[in-house]
Amino acid sequence: MSEYAIKVENLGKHYRIGAQVDRFRTLRDTIADTVTWPLRALRGQLPSGYETVWALRDVSFDVRKGQVLGVIGRNGAGKSTLLKILSRVTEPSQGRAEITGRVGSLLEVGTGFHPELTGRENIFLNGAILGMKRGEINAKMEEIIEFAGVRKFIETPVKRYSSGMYLRLAFSVAAHLEPEILVVDEVLAVGDAEFQRKCLGKMSDVAQQGRTVLFVSHDMSAILRLTDESIVLDKGQVIHRAPTQQAVDFYMSSGFSQSGERNWSADEISADAQPFCPVALRVRNPQGEVSDTMRSTEPITVELEYQLEEPIQALRLGIYLQTVRGEVVFTSFDTDSPEQYERYATRPAGHFVSRCQIPANLLNEGQYVVGLNASAFRVKRYFQDERALAFSIDAAGAPGKQWGEVRLGPVRPDLNWHIEEAA
Amino acid sequence: MTETTLPTKADTQASETLVIQPTRGLGSLNLRDLWRYRELAYFLTWRDIKVRYKQTLLGAAWAIIQPLLQMIVFNFLFGNLAEIPTDGIPRPVFTYSALLVWNLFSKALSDAGRSLVANRNMITKVYFPRLLIPLSSVLGGIVDFAIAFVILLGMMFYYEITPTVSIWTLPLFLLLALVTALGIGLWLSALNVNYRDIRYIMPFLTQFWLLASPVAYPLSEISDTWRWLYSLNPMVAVVEGFRWALVGQGSTYDAMPLLWISILSSLVLLISGLFYFRRMERTFADMV
């Protein structure tokens with residue numbers, strides 16, 4: 001018996017971008033390609049036809065039996081591809097992985113739910129899809145219904161469920177899966193806050209039962225809570241492996257420019273972003289200097305420079321300010337105010353700078369991460385980078401600094417205290 | 001001495017090691033996995049059946065109404081107008097029986113052809129033998145067939161047709177219909193993942209195939225010299241054989257060599273379909 005539950009060696013997967021861009025190849029394309037093949041071969045045009053992109057390359061790691069390993073990385077770092085390969089949804093292009101034990105994978109909750117079927121029927125269907133046996137599902141039925149809290153509606157088609165109920169039921173089935181190895185992707189980011197807590201609790205139960213878990217999440221606090229060790233993926237490769245606390249620190253501080261400015265080069269922007277094209281994101285102090293350290297007592301200007309190749313309707317640009325633990329402090333968009341919203345109903349093509357000011361005496365000391373989002377509400381998300389830029393806040397001179405202790409919480413507002421002697 | 005090797009927990013669980021690596025060449029059929037996931041096949045079929053007539057007024061009655069209306073139209077066109085012979089079988093029985101088995105086939109074919117794309121959300125998120133999807137689509141049509149079959153029994157009673165021993169061969173012809181539909185369905189569904197043209201080709205395919213099968217006319221209308229070629233279409237054996245099994249006479253389907261041609265061509269479809277499907281399977285999740 002091997003002591004490893006998962007052993008990955010030089011695993012890699014590439015996609016042909018040509019094939020990805022025109023996803024719906026038609027027969028005509030293939031016939032045309034085949035017919036013109038000799039001609040293009042003569043002209044030496046063949047290799048340029050497809051460009052391959054490695055979503056994952058030379059990835060090697062192992063997971064001991066009973067270990068809970070976290071996987072962190074930015075969007076597009078290859079986390080999902082890795083999980084898809086390990087759960088056998090897609091095949092690797094190179095390398096190998098050995099898995100010892102029954103695998104249950106949760107790349108999504110509620111896979112295969114059919115809107116016309118009742119809650120109970122969907123539990124059977126979804127359970128079977130996740131690899132449970134009918135007897136197993138029957139035995140756990142009551143528990144699943146109880147956990148989801150949908151007993152009253154269990155004989156109702158799920159299309160009549162609220163989205164919260166739907167997700168709770170979906171997660172509940174998944175949570176009762178009992179494989180020896182569990183591969184989980186982001187599925188905790190569902191439902192309301194209370195249900196998320198419940199799910200996290202369930203997940204830590206799983207982790208404590210000595211099962212092997214591979215856990216991917218953007219939520220650093222969940223990673224910290226559930227895993228002891230983590231690997232950091234970047235551009236399809238494992239760049240770091242360490243106890244989770246260190247791995248999170250490494251991840252949060254790596255890959256960011258330390259200058260208070262982030263620039264985007266053309267190859268970092270996916271084709272989906274068109275016609276939006278980010279140029280730079282900066283933070284400036286009141287003196288106008290770009291720096292990675294800001295003072296808590298001074299206002300901070302966040303500046304976003306971008307280019308529009310074509311006019312976009314209802315475009316909004318926003319920032320998410322997050323702590324290093326991944327908790328969002330606030331979200332704000334450049335067309336939040338009704339006047340701006342009216343004025344930029346359609347934003348013309350051109351070169352723009354959107355600026356905003358984070359007021360003085362708002363942020364506590366520590367490291368912060370700025371995420372960027374460019375979207376048209378409910379129409380399209382042009383661009384998103386949750387971790388575009390990091391900066392730190394120096395709290396010198398902030399309220400309460402006379403005590404040298406660390407203050408909890410991401411904000412440190414000046415609350416204008418008054419003390420009066422009551423009669 | 002007493003320390004005989006008791007099986008440890010790890011041994012009894014016998015957790016086997018799964019190796020994931022790029023497959024080369026044709027790959028195997030992996031029947032073991034298919035067997036392991038047999039319950040999923042059941043649930044997927046059950047889902048297709050359960051969902052089919054949801055939110056319809058008439059429900060499962062559609063399984064009867066459809067072939068009945070088709071029969072009336074066919075009888076008018078090919079009976080009253082074209083006056084095509086029926087080998088002495090009462091025309092309603094002649095047409096309805098053929099339509100039943102034809103509908104089983106054409107529905108299975110078009111459902112299976114669309115199945116992979118329709119279930120893309122499952123394919124991109126969970127592993128299971130992909131073969132189960134077209135397979136369960138094919139099996140889902142059997143319930144409709146069974147419902148409509150009851151009417152056929154009623155018709156036979158009305159026309160005083162007593163089944164002979166040949167009725168026992170009926171399941172064989174049904175199986176042949178399903179195997180043929182699965183074979184074609186495997187090809188179409190895998191092709192449909194890459195080429196959505198298939199979606200537009202399928203309606204034509206079933207229409208032409210219907211005309212190329214002895215649904216509205218008997219096999220005896222085809223000249224002797226060409227029957228072997230005609231029998232390359234497995235549905236010739238299915239439709240003609242189904243009638244023969246029911247009525248036991250009148251039909252000319254006693255020509256064994258022709259039956260074998262149909263069976264062989266059906267098996268070629270199935271086996272080539274299986275291999276093509278297995279070959280394409282590894283890219284389904286990336287392409288669908």
# chains A, B, ... in the order shown; residues from 1 in each chain; ligands from 1
>>> residues_around(residues="Arg120 of chain A", least_positions_apart="3", cutoff="9 Å", atoms="only C-alpha atoms", output="PyMOL selection string")
chain A and resi 117+123-125+141+145+154-157
>>> closest_atom_pairs(of="chain A", to="chain B", cutoff="8 Å", atoms="only C-alpha atoms", output="JSON lines")
{"residue": "A:Met1", "atom": "CA", "partner": "B:Ala10", "partner_atom": "CA", "distance": 7.9}
{"residue": "A:Gln20", "atom": "CA", "partner": "B:Met287", "partner_atom": "CA", "distance": 7.8}
{"residue": "A:Arg23", "atom": "CA", "partner": "B:Met287", "partner_atom": "CA", "distance": 6.9}
{"residue": "A:Phe24", "atom": "CA", "partner": "B:Tyr195", "partner_atom": "CA", "distance": 6.5}
{"residue": "A:Arg25", "atom": "CA", "partner": "B:Tyr195", "partner_atom": "CA", "distance": 5.7}
{"residue": "A:Thr26", "atom": "CA", "partner": "B:Tyr195", "partner_atom": "CA", "distance": 5.0}
{"residue": "A:Leu27", "atom": "CA", "partner": "B:Tyr195", "partner_atom": "CA", "distance": 5.9}
{"residue": "A:Lys84", "atom": "CA", "partner": "B:Lys125", "partner_atom": "CA", "distance": 7.6}
{"residue": "A:Ile85", "atom": "CA", "partner": "B:Ile20", "partner_atom": "CA", "distance": 7.9}
{"residue": "A:Leu86", "atom": "CA", "partner": "B:Ile20", "partner_atom": "CA", "distance": 7.5}
{"residue": "A:Ser87", "atom": "CA", "partner": "B:Tyr127", "partner_atom": "CA", "distance": 6.4}
{"residue": "A:Arg88", "atom": "CA", "partner": "B:Tyr127", "partner_atom": "CA", "distance": 5.5}
{"residue": "A:Val89", "atom": "CA", "partner": "B:Tyr127", "partner_atom": "CA", "distance": 4.9}
{"residue": "A:Thr90", "atom": "CA", "partner": "B:Ala285", "partner_atom": "CA", "distance": 5.8}
{"residue": "A:Glu91", "atom": "CA", "partner": "B:Arg282", "partner_atom": "CA", "distance": 6.0}
{"residue": "A:Pro92", "atom": "CA", "partner": "B:Pro22", "partner_atom": "CA", "distance": 5.4}
{"residue": "A:Ser93", "atom": "CA", "partner": "B:Pro22", "partner_atom": "CA", "distance": 5.5}
{"residue": "A:Gln94", "atom": "CA", "partner": "B:Pro22", "partner_atom": "CA", "distance": 6.1}
{"residue": "A:Gly95", "atom": "CA", "partner": "B:Gln21", "partner_atom": "CA", "distance": 6.2}
{"residue": "A:Arg96", "atom": "CA", "partner": "B:Gln21", "partner_atom": "CA", "distance": 4.6}
{"residue": "A:Ala97", "atom": "CA", "partner": "B:Ile20", "partner_atom": "CA", "distance": 5.0}
{"residue": "A:Glu98", "atom": "CA", "partner": "B:Val19", "partner_atom": "CA", "distance": 4.6}
{"residue": "A:Ile99", "atom": "CA", "partner": "B:Leu18", "partner_atom": "CA", "distance": 5.0}
{"residue": "A:Thr100", "atom": "CA", "partner": "B:Thr17", "partner_atom": "CA", "distance": 4.2}
{"residue": "A:Gly101", "atom": "CA", "partner": "B:Ser15", "partner_atom": "CA", "distance": 4.7}
{"residue": "A:Arg102", "atom": "CA", "partner": "B:Ser15", "partner_atom": "CA", "distance": 6.9}
{"residue": "A:Ser105", "atom": "CA", "partner": "B:Val126", "partner_atom": "CA", "distance": 7.1}
{"residue": "A:Leu106", "atom": "CA", "partner": "B:Val126", "partner_atom": "CA", "distance": 7.7}
{"residue": "A:Leu107", "atom": "CA", "partner": "B:Lys125", "partner_atom": "CA", "distance": 5.7}
{"residue": "A:Glu108", "atom": "CA", "partner": "B:Lys125", "partner_atom": "CA", "distance": 6.6}
{"residue": "A:Thr111", "atom": "CA", "partner": "B:Met122", "partner_atom": "CA", "distance": 5.8}
{"residue": "A:Gly112", "atom": "CA", "partner": "B:Met122", "partner_atom": "CA", "distance": 5.7}
{"residue": "A:Glu116", "atom": "CA", "partner": "B:Val51", "partner_atom": "CA", "distance": 6.5}
{"residue": "A:Leu117", "atom": "CA", "partner": "B:Val51", "partner_atom": "CA", "distance": 7.1}
{"residue": "A:Phe124", "atom": "CA", "partner": "B:Phe43", "partner_atom": "CA", "distance": 7.7}
{"residue": "A:Leu125", "atom": "CA", "partner": "B:Phe43", "partner_atom": "CA", "distance": 6.0}
{"residue": "A:Ala128", "atom": "CA", "partner": "B:Leu40", "partner_atom": "CA", "distance": 5.4}
{"residue": "A:Ile129", "atom": "CA", "partner": "B:Leu40", "partner_atom": "CA", "distance": 6.3}
{"residue": "A:Leu130", "atom": "CA", "partner": "B:Val126", "partner_atom": "CA", "distance": 7.1}
{"residue": "A:Gly131", "atom": "CA", "partner": "B:Tyr37", "partner_atom": "CA", "distance": 7.6}
{"residue": "A:Lys133", "atom": "CA", "partner": "B:Glu39", "partner_atom": "CA", "distance": 7.2}
{"residue": "A:Arg134", "atom": "CA", "partner": "B:Glu39", "partner_atom": "CA", "distance": 7.4}
>>> residues_around(residues="Pro203 of chain B", least_positions_apart="5", cutoff="10 Å", atoms="only C-alpha atoms", output="ChimeraX atom specification")
/B:106,110,198,208-209
>>> write_last_selection(atoms="N, CA, C and O atoms", output="mmCIF file, in the first residue's frame")
data_model
loop_
_atom_site.group_PDB
_atom_site.id
_atom_site.type_symbol
_atom_site.label_atom_id
_atom_site.label_comp_id
_atom_site.auth_asym_id
_atom_site.auth_seq_id
_atom_site.Cartn_x
_atom_site.Cartn_y
_atom_site.Cartn_z
ATOM 1 N N SER B 106 -36.286 6.205 -34.628
ATOM 2 C CA SER B 106 -35.927 7.573 -35.005
ATOM 3 C C SER B 106 -35.831 8.466 -33.774
ATOM 4 O O SER B 106 -34.982 9.355 -33.711
ATOM 5 N N SER B 110 -32.414 10.426 -32.738
ATOM 6 C CA SER B 110 -32.250 11.874 -32.622
ATOM 7 C C SER B 110 -31.969 12.290 -31.177
ATOM 8 O O SER B 110 -31.192 13.211 -30.939
ATOM 9 N N ILE B 198 -24.453 18.677 -37.261
ATOM 10 C CA ILE B 198 -25.202 17.436 -37.095
ATOM 11 C C ILE B 198 -26.651 17.708 -36.706
ATOM 12 O O ILE B 198 -27.577 17.057 -37.168
ATOM 13 N N PHE B 208 -35.157 10.842 -44.751
ATOM 14 C CA PHE B 208 -34.733 10.010 -45.876
ATOM 15 C C PHE B 208 -34.698 8.545 -45.487
ATOM 16 O O PHE B 208 -35.072 7.670 -46.258
ATOM 17 N N TRP B 209 -34.253 8.325 -44.264
ATOM 18 C CA TRP B 209 -34.148 6.949 -43.797
ATOM 19 C C TRP B 209 -35.528 6.290 -43.733
ATOM 20 O O TRP B 209 -35.711 5.124 -44.056
#
>>> residues_around(residues="Leu389 of chain A", least_positions_apart="2", cutoff="7 Å", atoms="only C-alpha atoms", output="list in words")
Phe256, Glu261, Arg262, Val369, Val370, Gly371, Arg387 and Phe391 of chain A
>>> select_by_dssp(residues="segment 5-248 of chain B", states="strand (DSSP E)", output="PyMOL selection string")
chain B and resi 17-20
>>> write_last_selection(atoms="C-alpha atoms", output="mmCIF file, in the first residue's frame")
data_model
loop_
_atom_site.group_PDB
_atom_site.id
_atom_site.type_symbol
_atom_site.label_atom_id
_atom_site.label_comp_id
_atom_site.auth_asym_id
_atom_site.auth_seq_id
_atom_site.Cartn_x
_atom_site.Cartn_y
_atom_site.Cartn_z
ATOM 1 C CA THR B 17 -4.859 2.692 -7.729
ATOM 2 C CA LEU B 18 -6.159 4.654 -10.619
ATOM 3 C CA VAL B 19 -3.645 5.875 -13.138
ATOM 4 C CA ILE B 20 -4.456 8.992 -15.093
#
>>> residues_around(residues="segment 229-236 of chain A", least_positions_apart="5", cutoff="6 Å", atoms="only C-alpha atoms", output="PyMOL selection string")
chain A and resi 55-57+69-73+77-78+241-244
>>> write_last_selection(atoms="N, CA and C atoms", output="PDB file, in the first residue's frame")
ATOM      1  N   ALA A  55      -2.056  25.018 -20.201  1.00  0.00           N
ATOM      2  CA  ALA A  55      -2.840  25.426 -19.037  1.00  0.00           C
ATOM      3  C   ALA A  55      -2.178  24.891 -17.778  1.00  0.00           C
ATOM      4  N   LEU A  56      -1.396  23.830 -17.960  1.00  0.00           N
ATOM      5  CA  LEU A  56      -0.756  23.170 -16.831  1.00  0.00           C
ATOM      6  C   LEU A  56       0.510  22.544 -17.394  1.00  0.00           C
ATOM      7  N   ARG A  57       1.618  22.702 -16.705  1.00  0.00           N
ATOM      8  CA  ARG A  57       2.847  22.137 -17.264  1.00  0.00           C
ATOM      9  C   ARG A  57       3.788  21.651 -16.173  1.00  0.00           C
ATOM     10  N   LEU A  69      -4.927  19.231   1.501  1.00  0.00           N
ATOM     11  CA  LEU A  69      -4.011  20.112   0.792  1.00  0.00           C
ATOM     12  C   LEU A  69      -4.784  21.218   0.081  1.00  0.00           C
ATOM     13  N   GLY A  70      -4.339  22.436   0.268  1.00  0.00           N
ATOM     14  CA  GLY A  70      -4.980  23.565  -0.402  1.00  0.00           C
ATOM     15  C   GLY A  70      -4.271  23.869  -1.706  1.00  0.00           C
ATOM     16  N   VAL A  71      -5.041  24.376  -2.663  1.00  0.00           N
ATOM     17  CA  VAL A  71      -4.438  24.802  -3.924  1.00  0.00           C
ATOM     18  C   VAL A  71      -4.837  26.253  -4.132  1.00  0.00           C
ATOM     19  N   ILE A  72      -3.845  27.144  -4.188  1.00  0.00           N
ATOM     20  CA  ILE A  72      -4.183  28.545  -4.407  1.00  0.00           C
ATOM     21  C   ILE A  72      -3.474  29.059  -5.643  1.00  0.00           C
ATOM     22  N   GLY A  73      -4.036  30.090  -6.207  1.00  0.00           N
ATOM     23  CA  GLY A  73      -3.476  30.649  -7.425  1.00  0.00           C
ATOM     24  C   GLY A  73      -4.467  31.609  -8.033  1.00  0.00           C
ATOM     25  N   ALA A  77      -4.491  30.259 -13.400  1.00  0.00           N
ATOM     26  CA  ALA A  77      -3.216  29.675 -13.000  1.00  0.00           C
ATOM     27  C   ALA A  77      -3.189  28.175 -13.261  1.00  0.00           C
ATOM     28  N   GLY A  78      -4.344  27.607 -13.539  1.00  0.00           N
ATOM     29  CA  GLY A  78      -4.391  26.177 -13.844  1.00  0.00           C
ATOM     30  C   GLY A  78      -5.043  25.338 -12.764  1.00  0.00           C
ATOM     31  N   ARG A 241       5.352  25.358  -2.259  1.00  0.00           N
ATOM     32  CA  ARG A 241       4.590  24.450  -1.416  1.00  0.00           C
ATOM     33  C   ARG A 241       5.072  24.667   0.010  1.00  0.00           C
ATOM     34  N   ALA A 242       4.153  24.908   0.917  1.00  0.00           N
ATOM     35  CA  ALA A 242       4.539  25.228   2.282  1.00  0.00           C
ATOM     36  C   ALA A 242       3.334  25.062   3.186  1.00  0.00           C
ATOM     37  N   PRO A 243       3.557  25.074   4.514  1.00  0.00           N
ATOM     38  CA  PRO A 243       2.418  25.141   5.423  1.00  0.00           C
ATOM     39  C   PRO A 243       1.523  26.314   5.010  1.00  0.00           C
ATOM     40  N   THR A 244       0.222  26.127   5.134  1.00  0.00           N
ATOM     41  CA  THR A 244      -0.704  27.064   4.523  1.00  0.00           C
ATOM     42  C   THR A 244      -0.451  28.529   4.871  1.00  0.00           C
TER      43      THR A 244
END
>>> atom_distance(atom1="atom CA of Lys13 of chain A", atom2="atom CA of Glu268 of chain A")
19.4 Å
>>> residues_around(residues="Ile161 of chain B", least_positions_apart="2", cutoff="10 Å", atoms="only C-alpha atoms", output="JSON, numbers by chain")
{"B": [89, 90, 93, 153, 155, 156, 157, 158, 159, 163, 164, 246, 247, 248]}
>>> write_last_selection(atoms="N, CA, C and O atoms", output="PDB file, in the first residue's frame")
ATOM      1  N   ILE B  89     -51.963  -7.740 -45.367  1.00  0.00           N
ATOM      2  CA  ILE B  89     -52.184  -7.363 -43.967  1.00  0.00           C
ATOM      3  C   ILE B  89     -53.131  -6.158 -43.958  1.00  0.00           C
ATOM      4  O   ILE B  89     -52.994  -5.274 -44.805  1.00  0.00           O
ATOM      5  N   PRO B  90     -54.111  -6.113 -43.034  1.00  0.00           N
ATOM      6  CA  PRO B  90     -54.981  -4.926 -42.968  1.00  0.00           C
ATOM      7  C   PRO B  90     -54.117  -3.666 -42.876  1.00  0.00           C
ATOM      8  O   PRO B  90     -53.160  -3.627 -42.092  1.00  0.00           O
ATOM      9  N   VAL B  93     -52.984  -2.034 -39.478  1.00  0.00           N
ATOM     10  CA  VAL B  93     -52.004  -2.842 -38.747  1.00  0.00           C
ATOM     11  C   VAL B  93     -50.656  -2.761 -39.447  1.00  0.00           C
ATOM     12  O   VAL B  93     -49.607  -2.599 -38.814  1.00  0.00           O
ATOM     13  N   LEU B 153     -52.014  -4.042 -30.037  1.00  0.00           N
ATOM     14  CA  LEU B 153     -52.667  -5.295 -29.634  1.00  0.00           C
ATOM     15  C   LEU B 153     -54.177  -5.191 -29.850  1.00  0.00           C
ATOM     16  O   LEU B 153     -54.815  -6.126 -30.343  1.00  0.00           O
ATOM     17  N   MET B 155     -55.722  -3.327 -32.008  1.00  0.00           N
ATOM     18  CA  MET B 155     -55.991  -3.370 -33.447  1.00  0.00           C
ATOM     19  C   MET B 155     -55.974  -4.798 -33.966  1.00  0.00           C
ATOM     20  O   MET B 155     -56.820  -5.191 -34.776  1.00  0.00           O
ATOM     21  N   MET B 156     -54.986  -5.550 -33.499  1.00  0.00           N
ATOM     22  CA  MET B 156     -54.871  -6.930 -33.964  1.00  0.00           C
ATOM     23  C   MET B 156     -56.095  -7.739 -33.549  1.00  0.00           C
ATOM     24  O   MET B 156     -56.603  -8.552 -34.308  1.00  0.00           O
ATOM     25  N   PHE B 157     -56.564  -7.447 -32.354  1.00  0.00           N
ATOM     26  CA  PHE B 157     -57.755  -8.114 -31.857  1.00  0.00           C
ATOM     27  C   PHE B 157     -58.949  -7.776 -32.751  1.00  0.00           C
ATOM     28  O   PHE B 157     -59.719  -8.635 -33.166  1.00  0.00           O
ATOM     29  N   TYR B 158     -59.061  -6.492 -33.095  1.00  0.00           N
ATOM     30  CA  TYR B 158     -60.162  -6.019 -33.924  1.00  0.00           C
ATOM     31  C   TYR B 158     -60.140  -6.686 -35.290  1.00  0.00           C
ATOM     32  O   TYR B 158     -61.169  -7.084 -35.823  1.00  0.00           O
ATOM     33  N   TYR B 159     -58.935  -6.802 -35.894  1.00  0.00           N
ATOM     34  CA  TYR B 159     -58.826  -7.411 -37.213  1.00  0.00           C
ATOM     35  C   TYR B 159     -58.685  -8.933 -37.146  1.00  0.00           C
ATOM     36  O   TYR B 159     -58.369  -9.592 -38.141  1.00  0.00           O
ATOM     37  N   PRO B 163     -51.551 -13.967 -33.244  1.00  0.00           N
ATOM     38  CA  PRO B 163     -50.101 -14.123 -33.388  1.00  0.00           C
ATOM     39  C   PRO B 163     -49.723 -15.594 -33.433  1.00  0.00           C
ATOM     40  O   PRO B 163     -50.356 -16.427 -32.789  1.00  0.00           O
ATOM     41  N   THR B 164     -48.714 -15.905 -34.210  1.00  0.00           N
ATOM     42  CA  THR B 164     -48.208 -17.278 -34.295  1.00  0.00           C
ATOM     43  C   THR B 164     -46.949 -17.384 -33.431  1.00  0.00           C
ATOM     44  O   THR B 164     -46.608 -16.452 -32.712  1.00  0.00           O
ATOM     45  N   LEU B 246     -45.232 -10.225 -35.761  1.00  0.00           N
ATOM     46  CA  LEU B 246     -46.572  -9.979 -35.232  1.00  0.00           C
ATOM     47  C   LEU B 246     -47.637 -10.798 -35.947  1.00  0.00           C
ATOM     48  O   LEU B 246     -48.467 -11.455 -35.322  1.00  0.00           O
ATOM     49  N   VAL B 247     -47.577 -10.703 -37.264  1.00  0.00           N
ATOM     50  CA  VAL B 247     -48.655 -11.265 -38.053  1.00  0.00           C
ATOM     51  C   VAL B 247     -48.347 -12.707 -38.432  1.00  0.00           C
ATOM     52  O   VAL B 247     -49.236 -13.532 -38.578  1.00  0.00           O
ATOM     53  N   GLY B 248     -47.080 -12.997 -38.610  1.00  0.00           N
ATOM     54  CA  GLY B 248     -46.657 -14.364 -38.864  1.00  0.00           C
ATOM     55  C   GLY B 248     -46.927 -14.859 -40.263  1.00  0.00           C
ATOM     56  O   GLY B 248     -46.664 -15.998 -40.578  1.00  0.00           O
TER      57      GLY B 248
END
>>> atom_distance(atom1="atom CA of Phe145 of chain B", atom2="atom CA of Ile65 of chain B")
12.0 Å
>>> residues_around(residues="Leu139 of chain B", least_positions_apart="6", cutoff="12 Å", atoms="only C-alpha atoms", output="MDAnalysis selection string")
chainID B and resid 41:49 104:105 107:109 111:112 132:133 145:146 174:175 177:179 181:182 185
>>> write_last_selection(atoms="N, CA and C atoms", output="mmCIF file, in the first residue's frame")
data_model
loop_
_atom_site.group_PDB
_atom_site.id
_atom_site.type_symbol
_atom_site.label_atom_id
_atom_site.label_comp_id
_atom_site.auth_asym_id
_atom_site.auth_seq_id
_atom_site.Cartn_x
_atom_site.Cartn_y
_atom_site.Cartn_z
ATOM 1 N N ALA B 41 -26.855 4.838 -15.329
ATOM 2 C CA ALA B 41 -27.573 4.607 -16.580
ATOM 3 C C ALA B 41 -29.067 4.526 -16.296
ATOM 4 N N TYR B 42 -29.389 3.807 -15.227
ATOM 5 C CA TYR B 42 -30.796 3.674 -14.842
ATOM 6 C C TYR B 42 -31.387 5.052 -14.507
ATOM 7 N N PHE B 43 -30.655 5.827 -13.701
ATOM 8 C CA PHE B 43 -31.194 7.124 -13.280
ATOM 9 C C PHE B 43 -31.338 8.097 -14.452
ATOM 10 N N LEU B 44 -30.388 8.048 -15.365
ATOM 11 C CA LEU B 44 -30.463 8.964 -16.509
ATOM 12 C C LEU B 44 -31.647 8.610 -17.402
ATOM 13 N N THR B 45 -31.861 7.304 -17.604
ATOM 14 C CA THR B 45 -33.009 6.871 -18.401
ATOM 15 C C THR B 45 -34.301 7.281 -17.707
ATOM 16 N N TRP B 46 -34.311 7.046 -16.416
ATOM 17 C CA TRP B 46 -35.485 7.368 -15.596
ATOM 18 C C TRP B 46 -35.780 8.877 -15.670
ATOM 19 N N ARG B 47 -34.717 9.679 -15.636
ATOM 20 C CA ARG B 47 -34.907 11.126 -15.737
ATOM 21 C C ARG B 47 -35.531 11.491 -17.081
ATOM 22 N N ASP B 48 -34.982 10.922 -18.168
ATOM 23 C CA ASP B 48 -35.499 11.245 -19.500
ATOM 24 C C ASP B 48 -36.973 10.888 -19.617
ATOM 25 N N ILE B 49 -37.349 9.734 -19.071
ATOM 26 C CA ILE B 49 -38.743 9.298 -19.155
ATOM 27 C C ILE B 49 -39.636 10.200 -18.307
ATOM 28 N N LEU B 104 -39.678 4.306 -32.510
ATOM 29 C CA LEU B 104 -38.725 3.920 -31.467
ATOM 30 C C LEU B 104 -37.314 4.208 -31.949
ATOM 31 N N PHE B 105 -37.054 3.823 -33.198
ATOM 32 C CA PHE B 105 -35.726 3.996 -33.768
ATOM 33 C C PHE B 105 -35.382 5.476 -33.978
ATOM 34 N N LYS B 107 -36.668 8.205 -32.785
ATOM 35 C CA LYS B 107 -36.586 8.996 -31.568
ATOM 36 C C LYS B 107 -35.281 8.705 -30.823
ATOM 37 N N ALA B 108 -34.947 7.419 -30.757
ATOM 38 C CA ALA B 108 -33.705 7.031 -30.088
ATOM 39 C C ALA B 108 -32.510 7.661 -30.791
ATOM 40 N N LEU B 109 -32.572 7.647 -32.107
ATOM 41 C CA LEU B 109 -31.466 8.195 -32.889
ATOM 42 C C LEU B 109 -31.303 9.697 -32.650
ATOM 43 N N ASP B 111 -32.562 11.580 -30.201
ATOM 44 C CA ASP B 111 -32.243 11.891 -28.795
ATOM 45 C C ASP B 111 -30.774 11.614 -28.503
ATOM 46 N N ALA B 112 -30.301 10.462 -28.978
ATOM 47 C CA ALA B 112 -28.909 10.105 -28.715
ATOM 48 C C ALA B 112 -27.977 11.093 -29.415
ATOM 49 N N LEU B 132 -22.742 6.300 -21.275
ATOM 50 C CA LEU B 132 -24.038 6.175 -20.620
ATOM 51 C C LEU B 132 -25.042 7.176 -21.152
ATOM 52 N N ILE B 133 -24.553 8.324 -21.610
ATOM 53 C CA ILE B 133 -25.484 9.373 -22.029
ATOM 54 C C ILE B 133 -26.254 8.985 -23.292
ATOM 55 N N PHE B 145 -42.798 3.314 -26.560
ATOM 56 C CA PHE B 145 -43.094 2.182 -27.429
ATOM 57 C C PHE B 145 -44.080 1.237 -26.764
ATOM 58 N N ALA B 146 -43.830 0.957 -25.504
ATOM 59 C CA ALA B 146 -44.682 0.005 -24.784
ATOM 60 C C ALA B 146 -46.121 0.517 -24.695
ATOM 61 N N LEU B 174 -36.713 -5.792 -31.976
ATOM 62 C CA LEU B 174 -36.623 -4.558 -31.184
ATOM 63 C C LEU B 174 -35.170 -4.282 -30.819
ATOM 64 N N LEU B 175 -34.496 -5.338 -30.413
ATOM 65 C CA LEU B 175 -33.094 -5.191 -30.034
ATOM 66 C C LEU B 175 -32.287 -4.688 -31.232
ATOM 67 N N ALA B 177 -33.350 -2.875 -33.627
ATOM 68 C CA ALA B 177 -33.652 -1.443 -33.809
ATOM 69 C C ALA B 177 -32.834 -0.598 -32.844
ATOM 70 N N LEU B 178 -32.763 -1.039 -31.578
ATOM 71 C CA LEU B 178 -32.042 -0.264 -30.567
ATOM 72 C C LEU B 178 -30.538 -0.266 -30.841
ATOM 73 N N VAL B 179 -30.026 -1.407 -31.249
ATOM 74 C CA VAL B 179 -28.591 -1.488 -31.538
ATOM 75 C C VAL B 179 -28.237 -0.560 -32.700
ATOM 76 N N ALA B 181 -29.909 2.092 -33.657
ATOM 77 C CA ALA B 181 -30.047 3.486 -33.205
ATOM 78 C C ALA B 181 -28.852 3.880 -32.358
ATOM 79 N N LEU B 182 -28.381 2.977 -31.515
ATOM 80 C CA LEU B 182 -27.229 3.297 -30.663
ATOM 81 C C LEU B 182 -25.980 3.498 -31.516
ATOM 82 N N GLY B 185 -26.384 6.668 -33.218
ATOM 83 C CA GLY B 185 -26.409 7.694 -32.172
ATOM 84 C C GLY B 185 -25.015 7.988 -31.644
#
>>> select_by_dssp(residues="segment 12-196 of chain B", states="helix (DSSP H, G or I)", output="PyMOL selection string")
chain B and resi 12-13+31-36+38-52+59-81+91-118+120-123+132-139+142-158+165-194
>>> atom_distance(atom1="atom CA of Arg347 of chain A", atom2="atom CA of Phe330 of chain A")
24.5 Å
